[in-house]
>>> print(open('entry.txt').read())   # compact mmCIF, C-alpha atoms
# COMPACT_ATOMS: atom_id res chain seq x y z
CA GLY A 503 -17.52 0.37 20.79
CA VAL A 504 -14.62 0.80 18.47
CA ALA A 505 -13.73 -1.32 15.47
CA THR A 506 -10.70 -3.59 15.47
CA PRO A 507 -8.77 -1.43 12.93
CA PHE A 508 -9.26 1.61 15.20
CA ARG A 509 -7.96 -0.25 18.25
CA GLU A 510 -4.95 -1.51 16.28
CA VAL A 511 -3.71 2.02 15.50
CA SER A 512 -4.84 3.85 18.65
CA SER A 513 -3.30 3.67 22.08
CA PRO A 514 -4.54 5.34 25.27
CA ASN A 515 -1.62 7.78 25.01
CA SER A 516 -2.34 8.69 21.38
CA LEU A 517 -6.02 9.29 22.21
CA ARG A 518 -5.09 11.39 25.24
CA GLU A 519 -2.84 13.52 23.00
CA ALA A 520 -5.50 13.79 20.30
CA PHE A 521 -8.14 14.95 22.80
CA ALA A 522 -5.83 17.17 24.88
CA VAL A 523 -7.53 20.34 23.63
CA PHE A 524 -10.87 19.06 24.95
CA ILE A 525 -9.35 18.04 28.27
CA ASN A 526 -7.47 21.34 28.67
CA ARG A 527 -10.53 23.43 27.76
CA LYS A 528 -12.77 21.25 29.96
CA ILE A 529 -15.15 20.53 27.07
CA ASN A 530 -17.61 17.89 28.21
CA LEU A 531 -20.12 16.55 25.69
CA GLN A 532 -21.97 14.22 28.04
CA PRO A 533 -25.69 14.07 27.14
CA GLU A 534 -26.72 15.40 30.55
CA ASN A 535 -25.05 18.73 29.65
CA GLY A 536 -27.89 19.35 27.20
CA TYR A 537 -25.89 20.03 24.04
CA ASP A 538 -27.82 19.28 20.88
CA LEU A 539 -26.24 17.36 18.05
CA VAL A 540 -26.57 19.24 14.75
CA LEU A 541 -26.01 17.17 11.62
CA ALA A 542 -24.26 18.91 8.72
CA VAL A 543 -25.69 16.38 6.26
CA GLU A 544 -27.76 13.24 6.55
CA PRO A 545 -25.66 10.21 7.54
CA MET A 546 -24.37 8.47 4.41
CA LEU A 547 -23.40 4.90 3.63
CA SER A 548 -20.51 4.60 1.16
CA PRO A 549 -20.26 1.89 -1.48
CA ARG A 550 -17.52 0.36 0.73
CA GLY A 551 -19.99 0.03 3.62
CA ILE A 552 -18.69 2.92 5.75
CA LEU A 553 -21.35 4.94 7.56
CA SER A 554 -20.32 8.61 7.81
CA VAL A 555 -21.82 11.12 10.23
CA GLN A 556 -20.81 14.80 10.21
CA GLY A 557 -21.96 17.73 12.28
CA HIS A 558 -21.33 19.80 15.37
CA TYR A 559 -22.40 20.56 18.91
CA ASP A 560 -23.35 24.16 19.72
CA THR A 561 -21.07 24.42 22.71
CA THR A 562 -19.64 27.69 23.96
CA PRO A 563 -17.18 29.27 23.85
CA ASN A 564 -15.94 26.66 21.36
CA ARG A 565 -18.08 24.95 18.76
CA VAL A 566 -17.23 21.24 18.55
CA GLU A 567 -17.22 19.92 14.97
CA PHE A 568 -16.96 16.23 14.19
CA SER A 569 -16.76 13.66 11.44
CA LEU A 570 -17.29 10.03 12.43
CA ASP A 571 -17.01 6.88 10.33
CA TYR A 572 -18.43 3.54 11.40
CA ILE A 573 -18.07 0.04 9.99
CA PRO A 574 -20.15 -3.03 10.70
CA GLU A 575 -18.34 -5.50 12.94
CA ASN A 576 -19.86 -8.49 14.71
CA GLY A 577 -23.40 -7.38 13.93
CA THR A 578 -23.12 -3.78 15.16
CA TRP A 579 -21.76 -0.44 13.96
CA LYS A 580 -18.38 0.34 15.49
CA LEU A 581 -16.28 3.48 15.35
CA TYR A 582 -13.68 3.25 12.59
CA ARG A 583 -12.42 6.84 12.28
CA ILE A 584 -12.96 10.04 14.24
CA ASN A 585 -12.07 13.65 13.53
CA VAL A 586 -13.10 16.31 16.06
CA ALA A 587 -12.12 19.93 16.49
CA ALA A 588 -12.93 22.67 18.97
CA LYS A 589 -13.35 25.85 16.93
CA ALA A 590 -13.39 29.27 18.57
CA ARG A 591 -16.52 31.27 17.81
>>> encode(input="entry.txt", output="structure tokens")
Amino acid sequence: GVATPFREVSSPNSLREAFAVFINRKINLQPENGYDLVLAVEPMLSPRGILSVQGHYDTTPNRVEFSLDYIPENGTWKLYRINVAAKAR
């Protein structure tokens, strides 16, 4: 799920615009496609309680890089911030 602060600043239209490059390039990261997650560094927990995960998927022809931040909310980690990019190889 996503954290309340994420939902408060994100609308379906803003997410559609943000992920347009993935939609237009037909990049599908569903687990059944067999792409392996490669971590850039071990997940880290900040002093403010934010869990950060960074890495990439070895997709072709574009490598998908990501940075995800999670916060605890109602007893579970929820997505707080996301940054993804499809980089040409």
>>> closest_residue(input="entry.txt", among="A:Val523, A:Val511, A:Leu547, A:Val566", to="Val586 in chain A", atoms="all atoms listed in the file")
A:Val566
>>> residues_near_point(input="entry.txt", point="(-30.0, 18.0, 17.4)", cutoff="12 Å", atoms="all atoms listed in the file", output="number ranges by chain")
A: 533, 536-542, 557-560
>>> atom_distance(input="entry.txt", atom1="CA of Gly503 in chain A", atom2="CA of Arg550 in chain A")
20.1 Å
>>> atom_distance(input="entry.txt", atom1="CA of Arg565 in chain A", atom2="CA of Ala588 in chain A")
5.6 Å
>>> residues_around(input="entry.txt", residues="Asp571 in chain A", least_positions_apart="5", cutoff="6 Å", atoms="only C-alpha atoms", output="PyMOL selection string")
chain A and resi 553-554+582-583
>>> closest_residue(input="entry.txt", among="A:Ser569, A:Asn564, A:Ser512, A:Asn585", to="Met546 in chain A", atoms="only C-alpha atoms")
A:Ser569
>>> atom_distance(input="entry.txt", atom1="CA of Pro574 in chain A", atom2="CA of Ile529 in chain A")
29.1 Å
>>> closest_residue(input="entry.txt", among="A:Glu519, A:Ala590, A:Glu567, A:Ala505", to="Ile552 in chain A", atoms="all atoms listed in the file")
A:Ala505
>>> closest_residue(input="entry.txt", among="A:Glu575, A:Pro545, A:Arg527, A:Leu581", to="Thr561 in chain A", atoms="only C-alpha atoms")
A:Arg527
>>> closest_residue(input="entry.txt", among="A:Lys528, A:Ser548, A:Ile573, A:Val555", to="Pro507 in chain A", atoms="only C-alpha atoms")
A:Ile573
